[in-house]
Amino acid sequence: MANTDFPGWHGTTIIGVKKGGTVVIAGDGQVSLGQTVIKGTARKVRRLSPGGHDVVAGFAGSTADAFTLLERLETKLEATPGQLARASVELAKDWRTDKYLQKLEAMLIVTDGADMFVITGAGDVLEPEHDVAAIGSGGNYALAAARGMMDSNRDAEAVARDAMAIAADICVYTNGNLTVETISA
């Protein structure tokens, strides 16, 4: 099958919401190939505990690529315990410069409860504005919905869940089967 014939994998919306001293990362479970849902219960949000410091990570993109990046992030966090920003920058530098890692197709949202970052293969480590970050197929929908709710009396988890529900209603590559992890500073 020629590359132009391959319909492409789609799936996953991940959102991170920081509000009231709590950070929530939520992700849906859908993986699609073209117009077909291959799996609806994938788990793309994980809790890591390198060196006894909890970190929550959500990923969009290729699962194998994301797991490779999560393993690398754990190694960086073990080398710099409790320093998520430093470990994230080191991961992004490696991702950008290593010929093997450059081919990886994924994005990450990571948090230790105090800081939240989006890490990309372009070498970016972005701290989101307005305490909301979103990636993946329905990321823009979830981001817009969450930003609209940040001034409400909803807590971080309610904002994340409601934003994901809106994204699932709009984006055909996002479903309502959520994995939610909460962490506080």
# chains A, B, ... in the order shown; residues from 1 in each chain; ligands from 1
call {"tool": "select_by_dssp", "arguments": {"residues": "chain A", "states": "strand (DSSP E or B)", "output": "VMD selection string"}}
result
chain A and resid 9 to 11 13 to 19 22 to 27 31 to 33 36 to 39 45 to 48 55 to 61 106 to 111 116 to 119 125 to 126 132 to 136 179 to 184
call {"tool": "write_last_selection", "arguments": {"atoms": "C-alpha atoms", "output": "mmCIF file, in the first residue's frame"}}
result
data_model
loop_
_atom_site.group_PDB
_atom_site.id
_atom_site.type_symbol
_atom_site.label_atom_id
_atom_site.label_comp_id
_atom_site.auth_asym_id
_atom_site.auth_seq_id
_atom_site.Cartn_x
_atom_site.Cartn_y
_atom_site.Cartn_z
ATOM 1 C CA TRP A 9 -4.266 6.817 12.427
ATOM 2 C CA HIS A 10 -6.296 9.380 14.309
ATOM 3 C CA GLY A 11 -7.354 9.563 17.852
ATOM 4 C CA THR A 13 -7.731 14.190 22.830
ATOM 5 C CA ILE A 14 -5.765 15.046 25.956
ATOM 6 C CA ILE A 15 -6.481 18.031 28.190
ATOM 7 C CA GLY A 16 -4.680 19.424 31.205
ATOM 8 C CA VAL A 17 -6.475 21.836 33.541
ATOM 9 C CA LYS A 18 -4.842 23.611 36.479
ATOM 10 C CA LYS A 19 -7.259 25.232 38.905
ATOM 11 C CA THR A 22 -5.073 20.892 41.516
ATOM 12 C CA VAL A 23 -4.064 19.742 38.060
ATOM 13 C CA VAL A 24 -6.154 17.241 36.130
ATOM 14 C CA ILE A 25 -5.095 15.488 32.965
ATOM 15 C CA ALA A 26 -7.864 13.698 31.090
ATOM 16 C CA GLY A 27 -7.742 11.737 27.871
ATOM 17 C CA VAL A 31 -8.035 5.137 18.265
ATOM 18 C CA SER A 32 -9.239 5.392 14.672
ATOM 19 C CA LEU A 33 -7.853 4.188 11.349
ATOM 20 C CA THR A 36 -13.033 3.191 11.449
ATOM 21 C CA VAL A 37 -12.808 3.147 15.236
ATOM 22 C CA ILE A 38 -10.188 0.500 16.030
ATOM 23 C CA LYS A 39 -10.391 0.803 19.819
ATOM 24 C CA VAL A 45 -2.979 9.132 30.615
ATOM 25 C CA ARG A 46 -0.422 7.679 33.023
ATOM 26 C CA ARG A 47 0.948 8.347 36.484
ATOM 27 C CA LEU A 48 4.734 8.054 36.795
ATOM 28 C CA VAL A 55 4.170 13.078 37.624
ATOM 29 C CA VAL A 56 1.084 12.684 35.445
ATOM 30 C CA ALA A 57 1.493 12.466 31.672
ATOM 31 C CA GLY A 58 -0.971 12.304 28.808
ATOM 32 C CA PHE A 59 0.001 11.570 25.227
ATOM 33 C CA ALA A 60 -1.415 11.964 21.765
ATOM 34 C CA GLY A 61 0.009 10.320 18.689
ATOM 35 C CA ALA A 106 3.618 12.052 19.592
ATOM 36 C CA MET A 107 3.036 14.979 21.929
ATOM 37 C CA LEU A 108 2.943 15.000 25.721
ATOM 38 C CA ILE A 109 1.254 17.007 28.450
ATOM 39 C CA VAL A 110 3.083 16.513 31.748
ATOM 40 C CA THR A 111 2.551 17.875 35.252
ATOM 41 C CA MET A 116 2.327 21.823 33.538
ATOM 42 C CA PHE A 117 4.084 21.564 30.168
ATOM 43 C CA VAL A 118 3.350 20.543 26.593
ATOM 44 C CA ILE A 119 6.382 18.817 25.080
ATOM 45 C CA VAL A 125 8.461 22.893 26.144
ATOM 46 C CA LEU A 126 5.433 25.105 26.502
ATOM 47 C CA VAL A 132 -5.238 24.937 30.184
ATOM 48 C CA ALA A 133 -3.410 22.789 27.617
ATOM 49 C CA ALA A 134 -4.843 20.388 25.056
ATOM 50 C CA ILE A 135 -3.374 18.187 22.329
ATOM 51 C CA GLY A 136 -4.589 15.629 19.837
ATOM 52 C CA THR A 179 -9.068 8.310 31.816
ATOM 53 C CA VAL A 180 -8.623 11.043 34.442
ATOM 54 C CA GLU A 181 -5.642 11.565 36.751
ATOM 55 C CA THR A 182 -5.509 14.278 39.413
ATOM 56 C CA ILE A 183 -2.418 15.640 41.150
ATOM 57 C CA SER A 184 -1.885 18.477 43.621
#
call {"tool": "residues_around", "arguments": {"residues": "range 158-172 of chain A", "least_positions_apart": "5", "cutoff": "6 Å", "atoms": "only C-alpha atoms", "output": "ChimeraX atom specification"}}
result
/A:138,141-142,145-146
call {"tool": "write_last_selection", "arguments": {"atoms": "N, CA and C atoms", "output": "PDB file, in the first residue's frame"}}
result
ATOM      1  N   GLY A 138      -8.931  16.288  18.887  1.00  0.00           N
ATOM      2  CA  GLY A 138      -9.958  17.214  19.360  1.00  0.00           C
ATOM      3  C   GLY A 138      -9.422  18.252  20.322  1.00  0.00           C
ATOM      4  N   TYR A 141     -10.872  21.854  20.267  1.00  0.00           N
ATOM      5  CA  TYR A 141     -12.239  21.936  20.781  1.00  0.00           C
ATOM      6  C   TYR A 141     -12.233  21.897  22.316  1.00  0.00           C
ATOM      7  N   ALA A 142     -11.453  20.963  22.867  1.00  0.00           N
ATOM      8  CA  ALA A 142     -11.377  20.833  24.322  1.00  0.00           C
ATOM      9  C   ALA A 142     -10.762  22.082  24.946  1.00  0.00           C
ATOM     10  N   ALA A 145     -13.332  24.933  24.917  1.00  0.00           N
ATOM     11  CA  ALA A 145     -14.392  24.687  25.893  1.00  0.00           C
ATOM     12  C   ALA A 145     -13.888  24.926  27.314  1.00  0.00           C
ATOM     13  N   ALA A 146     -12.702  24.424  27.630  1.00  0.00           N
ATOM     14  CA  ALA A 146     -12.152  24.594  28.978  1.00  0.00           C
ATOM     15  C   ALA A 146     -11.865  26.056  29.279  1.00  0.00           C
TER      16      ALA A 146
END
call {"tool": "atom_distance", "arguments": {"atom1": "CA of Asp131 in chain A", "atom2": "CA of Gln102 in chain A"}}
result
28.2 Å
call {"tool": "select_by_dssp", "arguments": {"residues": "range 49-157 of chain A", "states": "alpha helix (DSSP H)", "output": "PyMOL selection string"}}
result
chain A and resi 63-79+84-97+139-149+156-157
call {"tool": "atom_distance", "arguments": {"atom1": "CA of Gly21 in chain A", "atom2": "CA of Ala92 in chain A"}}
result
26.4 Å
call {"tool": "residues_around", "arguments": {"residues": "Glu78 in chain A", "least_positions_apart": "5", "cutoff": "12 Å", "atoms": "only C-alpha atoms", "output": "list in words"}}
result
Leu48, Ser49, Pro50, Gly51, Gly52, His53, Asp54, Val55, Glu71, Arg72, Leu73, Gln83, Leu84, Arg86 and Ala87 of chain A
call {"tool": "closest_residue", "arguments": {"among": "A:Gly29, A:Asp94, A:Gly20, A:Ala66", "to": "Ala114 in chain A", "atoms": "only C-alpha atoms"}}
result
A:Gly20
call {"tool": "residues_around", "arguments": {"residues": "Leu101 in chain A", "least_positions_apart": "6", "cutoff": "10 Å", "atoms": "only C-alpha atoms", "output": "compact mmCIF listing (two decimals) with all heavy atoms, in the first residue's frame"}}
result
# COMPACT_ATOMS: atom_id res chain seq x y z
N ASP A 65 5.55 5.33 20.13
CA ASP A 65 6.41 6.52 20.21
C ASP A 65 6.24 7.21 21.56
O ASP A 65 7.21 7.63 22.19
CB ASP A 65 6.09 7.50 19.08
CG ASP A 65 6.49 6.95 17.71
OD1 ASP A 65 7.09 5.86 17.65
OD2 ASP A 65 6.19 7.63 16.71
N THR A 68 8.00 5.36 24.32
CA THR A 68 9.43 5.62 24.24
C THR A 68 9.76 6.95 24.91
O THR A 68 10.71 7.05 25.69
CB THR A 68 9.90 5.63 22.77
OG1 THR A 68 9.65 4.35 22.21
CG2 THR A 68 11.38 5.97 22.65
N LEU A 69 8.95 7.96 24.63
CA LEU A 69 9.17 9.28 25.22
C LEU A 69 8.93 9.27 26.72
O LEU A 69 9.67 9.91 27.48
CB LEU A 69 8.28 10.31 24.54
CG LEU A 69 8.64 10.57 23.08
CD1 LEU A 69 7.54 11.37 22.40
CD2 LEU A 69 9.98 11.28 22.96
N LEU A 91 14.50 16.34 27.79
CA LEU A 91 13.82 15.43 26.88
C LEU A 91 13.61 16.10 25.52
O LEU A 91 13.87 15.50 24.48
CB LEU A 91 12.48 14.98 27.46
CG LEU A 91 11.60 14.14 26.50
CD1 LEU A 91 12.29 12.82 26.16
CD2 LEU A 91 10.24 13.90 27.11
N ALA A 92 13.15 17.33 25.52
CA ALA A 92 12.89 18.05 24.27
C ALA A 92 14.18 18.24 23.48
O ALA A 92 14.18 18.11 22.24
CB ALA A 92 12.24 19.40 24.55
N ASP A 94 16.85 16.24 23.55
CA ASP A 94 17.18 14.94 22.98
C ASP A 94 16.27 14.61 21.80
O ASP A 94 16.72 14.12 20.76
CB ASP A 94 17.04 13.83 24.03
CG ASP A 94 18.14 13.83 25.06
OD1 ASP A 94 19.10 14.64 24.93
OD2 ASP A 94 18.04 13.03 26.01
N TRP A 95 14.98 14.87 21.97
CA TRP A 95 13.99 14.58 20.94
C TRP A 95 14.29 15.35 19.66
O TRP A 95 14.15 14.85 18.55
CB TRP A 95 12.63 14.94 21.48
CG TRP A 95 11.42 14.45 20.75
CD1 TRP A 95 11.36 13.78 19.56
CD2 TRP A 95 10.08 14.59 21.18
NE1 TRP A 95 10.06 13.50 19.23
CE2 TRP A 95 9.24 13.99 20.21
CE3 TRP A 95 9.48 15.18 22.29
CZ2 TRP A 95 7.87 13.97 20.30
CZ3 TRP A 95 8.10 15.15 22.38
CH2 TRP A 95 7.30 14.55 21.41
N GLY A 121 7.97 17.35 19.58
CA GLY A 121 9.16 16.91 18.87
C GLY A 121 9.90 18.03 18.17
O GLY A 121 11.01 17.83 17.67
call {"tool": "closest_residue", "arguments": {"among": "A:Gly34, A:Pro128, A:Gly148, A:Gly176", "to": "Thr12 in chain A", "atoms": "only C-alpha atoms"}}
result
A:Gly176
call {"tool": "closest_residue", "arguments": {"among": "A:Arg96, A:Arg154, A:Arg43, A:Lys76", "to": "Asp124 in chain A", "atoms": "only C-alpha atoms"}}
result
A:Arg96
call {"tool": "decode", "arguments": {"residues": "range 12-39 of chain A", "atoms": "N, CA, C and O atoms", "output": "PDB file, in the first residue's frame"}}
result
ATOM      1  N   THR A  12      -7.438  10.369  19.998  1.00  0.00           N
ATOM      2  CA  THR A  12      -6.993  10.922  21.253  1.00  0.00           C
ATOM      3  C   THR A  12      -7.155  12.418  21.330  1.00  0.00           C
ATOM      4  O   THR A  12      -6.735  13.163  20.454  1.00  0.00           O
ATOM      5  N   THR A  13      -7.734  12.811  22.395  1.00  0.00           N
ATOM      6  CA  THR A  13      -7.731  14.190  22.830  1.00  0.00           C
ATOM      7  C   THR A  13      -7.280  14.141  24.279  1.00  0.00           C
ATOM      8  O   THR A  13      -7.795  13.359  25.063  1.00  0.00           O
ATOM      9  N   ILE A  14      -6.295  14.957  24.598  1.00  0.00           N
ATOM     10  CA  ILE A  14      -5.765  15.046  25.956  1.00  0.00           C
ATOM     11  C   ILE A  14      -5.911  16.493  26.404  1.00  0.00           C
ATOM     12  O   ILE A  14      -5.594  17.414  25.646  1.00  0.00           O
ATOM     13  N   ILE A  15      -6.376  16.683  27.637  1.00  0.00           N
ATOM     14  CA  ILE A  15      -6.481  18.031  28.190  1.00  0.00           C
ATOM     15  C   ILE A  15      -5.854  18.064  29.577  1.00  0.00           C
ATOM     16  O   ILE A  15      -5.942  17.097  30.332  1.00  0.00           O
ATOM     17  N   GLY A  16      -5.204  19.164  29.871  1.00  0.00           N
ATOM     18  CA  GLY A  16      -4.680  19.424  31.205  1.00  0.00           C
ATOM     19  C   GLY A  16      -5.296  20.712  31.722  1.00  0.00           C
ATOM     20  O   GLY A  16      -5.313  21.726  31.014  1.00  0.00           O
ATOM     21  N   VAL A  17      -5.830  20.671  32.932  1.00  0.00           N
ATOM     22  CA  VAL A  17      -6.475  21.836  33.541  1.00  0.00           C
ATOM     23  C   VAL A  17      -5.889  22.036  34.928  1.00  0.00           C
ATOM     24  O   VAL A  17      -5.887  21.117  35.740  1.00  0.00           O
ATOM     25  N   LYS A  18      -5.408  23.249  35.175  1.00  0.00           N
ATOM     26  CA  LYS A  18      -4.842  23.611  36.479  1.00  0.00           C
ATOM     27  C   LYS A  18      -5.750  24.660  37.103  1.00  0.00           C
ATOM     28  O   LYS A  18      -5.932  25.741  36.544  1.00  0.00           O
ATOM     29  N   LYS A  19      -6.324  24.304  38.262  1.00  0.00           N
ATOM     30  CA  LYS A  19      -7.259  25.232  38.905  1.00  0.00           C
ATOM     31  C   LYS A  19      -7.371  24.889  40.384  1.00  0.00           C
ATOM     32  O   LYS A  19      -7.480  23.720  40.743  1.00  0.00           O
ATOM     33  N   GLY A  20      -7.332  25.885  41.215  1.00  0.00           N
ATOM     34  CA  GLY A  20      -7.530  25.699  42.647  1.00  0.00           C
ATOM     35  C   GLY A  20      -6.494  24.800  43.309  1.00  0.00           C
ATOM     36  O   GLY A  20      -6.847  24.029  44.196  1.00  0.00           O
ATOM     37  N   GLY A  21      -5.243  24.857  42.859  1.00  0.00           N
ATOM     38  CA  GLY A  21      -4.191  24.050  43.461  1.00  0.00           C
ATOM     39  C   GLY A  21      -4.174  22.603  43.007  1.00  0.00           C
ATOM     40  O   GLY A  21      -3.414  21.792  43.535  1.00  0.00           O
ATOM     41  N   THR A  22      -4.991  22.260  42.036  1.00  0.00           N
ATOM     42  CA  THR A  22      -5.073  20.892  41.516  1.00  0.00           C
ATOM     43  C   THR A  22      -4.873  20.924  40.008  1.00  0.00           C
ATOM     44  O   THR A  22      -5.321  21.848  39.333  1.00  0.00           O
ATOM     45  N   VAL A  23      -4.189  19.904  39.510  1.00  0.00           N
ATOM     46  CA  VAL A  23      -4.064  19.742  38.060  1.00  0.00           C
ATOM     47  C   VAL A  23      -4.693  18.410  37.687  1.00  0.00           C
ATOM     48  O   VAL A  23      -4.442  17.392  38.330  1.00  0.00           O
ATOM     49  N   VAL A  24      -5.499  18.430  36.649  1.00  0.00           N
ATOM     50  CA  VAL A  24      -6.154  17.241  36.130  1.00  0.00           C
ATOM     51  C   VAL A  24      -5.721  17.054  34.686  1.00  0.00           C
ATOM     52  O   VAL A  24      -5.722  18.011  33.906  1.00  0.00           O
ATOM     53  N   ILE A  25      -5.329  15.845  34.364  1.00  0.00           N
ATOM     54  CA  ILE A  25      -5.095  15.488  32.965  1.00  0.00           C
ATOM     55  C   ILE A  25      -6.098  14.410  32.623  1.00  0.00           C
ATOM     56  O   ILE A  25      -6.223  13.403  33.329  1.00  0.00           O
ATOM     57  N   ALA A  26      -6.840  14.637  31.542  1.00  0.00           N
ATOM     58  CA  ALA A  26      -7.864  13.698  31.090  1.00  0.00           C
ATOM     59  C   ALA A  26      -7.627  13.384  29.623  1.00  0.00           C
ATOM     60  O   ALA A  26      -7.215  14.254  28.849  1.00  0.00           O
ATOM     61  N   GLY A  27      -7.881  12.145  29.265  1.00  0.00           N
ATOM     62  CA  GLY A  27      -7.742  11.737  27.871  1.00  0.00           C
ATOM     63  C   GLY A  27      -8.835  10.766  27.491  1.00  0.00           C
ATOM     64  O   GLY A  27      -9.298   9.983  28.320  1.00  0.00           O
ATOM     65  N   ASP A  28      -9.244  10.828  26.240  1.00  0.00           N
ATOM     66  CA  ASP A  28     -10.258   9.898  25.774  1.00  0.00           C
ATOM     67  C   ASP A  28      -9.581   8.594  25.355  1.00  0.00           C
ATOM     68  O   ASP A  28      -8.370   8.477  25.396  1.00  0.00           O
ATOM     69  N   GLY A  29     -10.373   7.623  24.947  1.00  0.00           N
ATOM     70  CA  GLY A  29      -9.824   6.311  24.654  1.00  0.00           C
ATOM     71  C   GLY A  29      -9.888   5.888  23.206  1.00  0.00           C
ATOM     72  O   GLY A  29      -9.659   4.731  22.880  1.00  0.00           O
ATOM     73  N   GLN A  30     -10.188   6.798  22.285  1.00  0.00           N
ATOM     74  CA  GLN A  30     -10.431   6.389  20.906  1.00  0.00           C
ATOM     75  C   GLN A  30      -9.164   6.340  20.070  1.00  0.00           C
ATOM     76  O   GLN A  30      -8.336   7.236  20.113  1.00  0.00           O
ATOM     77  N   VAL A  31      -9.059   5.266  19.297  1.00  0.00           N
ATOM     78  CA  VAL A  31      -8.035   5.137  18.265  1.00  0.00           C
ATOM     79  C   VAL A  31      -8.777   4.802  16.983  1.00  0.00           C
ATOM     80  O   VAL A  31      -9.556   3.848  16.946  1.00  0.00           O
ATOM     81  N   SER A  32      -8.543   5.591  15.944  1.00  0.00           N
ATOM     82  CA  SER A  32      -9.239   5.392  14.672  1.00  0.00           C
ATOM     83  C   SER A  32      -8.241   5.175  13.553  1.00  0.00           C
ATOM     84  O   SER A  32      -7.140   5.728  13.572  1.00  0.00           O
ATOM     85  N   LEU A  33      -8.619   4.375  12.571  1.00  0.00           N
ATOM     86  CA  LEU A  33      -7.853   4.188  11.349  1.00  0.00           C
ATOM     87  C   LEU A  33      -8.770   4.620  10.224  1.00  0.00           C
ATOM     88  O   LEU A  33      -9.767   3.949   9.932  1.00  0.00           O
ATOM     89  N   GLY A  34      -8.459   5.773   9.640  1.00  0.00           N
ATOM     90  CA  GLY A  34      -9.356   6.337   8.635  1.00  0.00           C
ATOM     91  C   GLY A  34     -10.692   6.648   9.278  1.00  0.00           C
ATOM     92  O   GLY A  34     -10.765   7.356  10.271  1.00  0.00           O
ATOM     93  N   GLN A  35     -11.748   6.057   8.737  1.00  0.00           N
ATOM     94  CA  GLN A  35     -13.095   6.300   9.258  1.00  0.00           C
ATOM     95  C   GLN A  35     -13.581   5.198  10.189  1.00  0.00           C
ATOM     96  O   GLN A  35     -14.754   5.164  10.546  1.00  0.00           O
ATOM     97  N   THR A  36     -12.659   4.324  10.610  1.00  0.00           N
ATOM     98  CA  THR A  36     -13.033   3.191  11.449  1.00  0.00           C
ATOM     99  C   THR A  36     -12.453   3.338  12.850  1.00  0.00           C
ATOM    100  O   THR A  36     -11.263   3.614  13.000  1.00  0.00           O
ATOM    101  N   VAL A  37     -13.292   3.154  13.860  1.00  0.00           N
ATOM    102  CA  VAL A  37     -12.808   3.147  15.236  1.00  0.00           C
ATOM    103  C   VAL A  37     -12.200   1.774  15.487  1.00  0.00           C
ATOM    104  O   VAL A  37     -12.885   0.756  15.401  1.00  0.00           O
ATOM    105  N   ILE A  38     -10.898   1.753  15.778  1.00  0.00           N
ATOM    106  CA  ILE A  38     -10.188   0.500  16.030  1.00  0.00           C
ATOM    107  C   ILE A  38     -10.338   0.093  17.498  1.00  0.00           C
ATOM    108  O   ILE A  38     -10.509  -1.070  17.818  1.00  0.00           O
ATOM    109  N   LYS A  39     -10.273   1.067  18.392  1.00  0.00           N
ATOM    110  CA  LYS A  39     -10.391   0.803  19.819  1.00  0.00           C
ATOM    111  C   LYS A  39     -10.985   2.025  20.488  1.00  0.00           C
ATOM    112  O   LYS A  39     -10.650   3.149  20.148  1.00  0.00           O
TER     113      LYS A  39
END
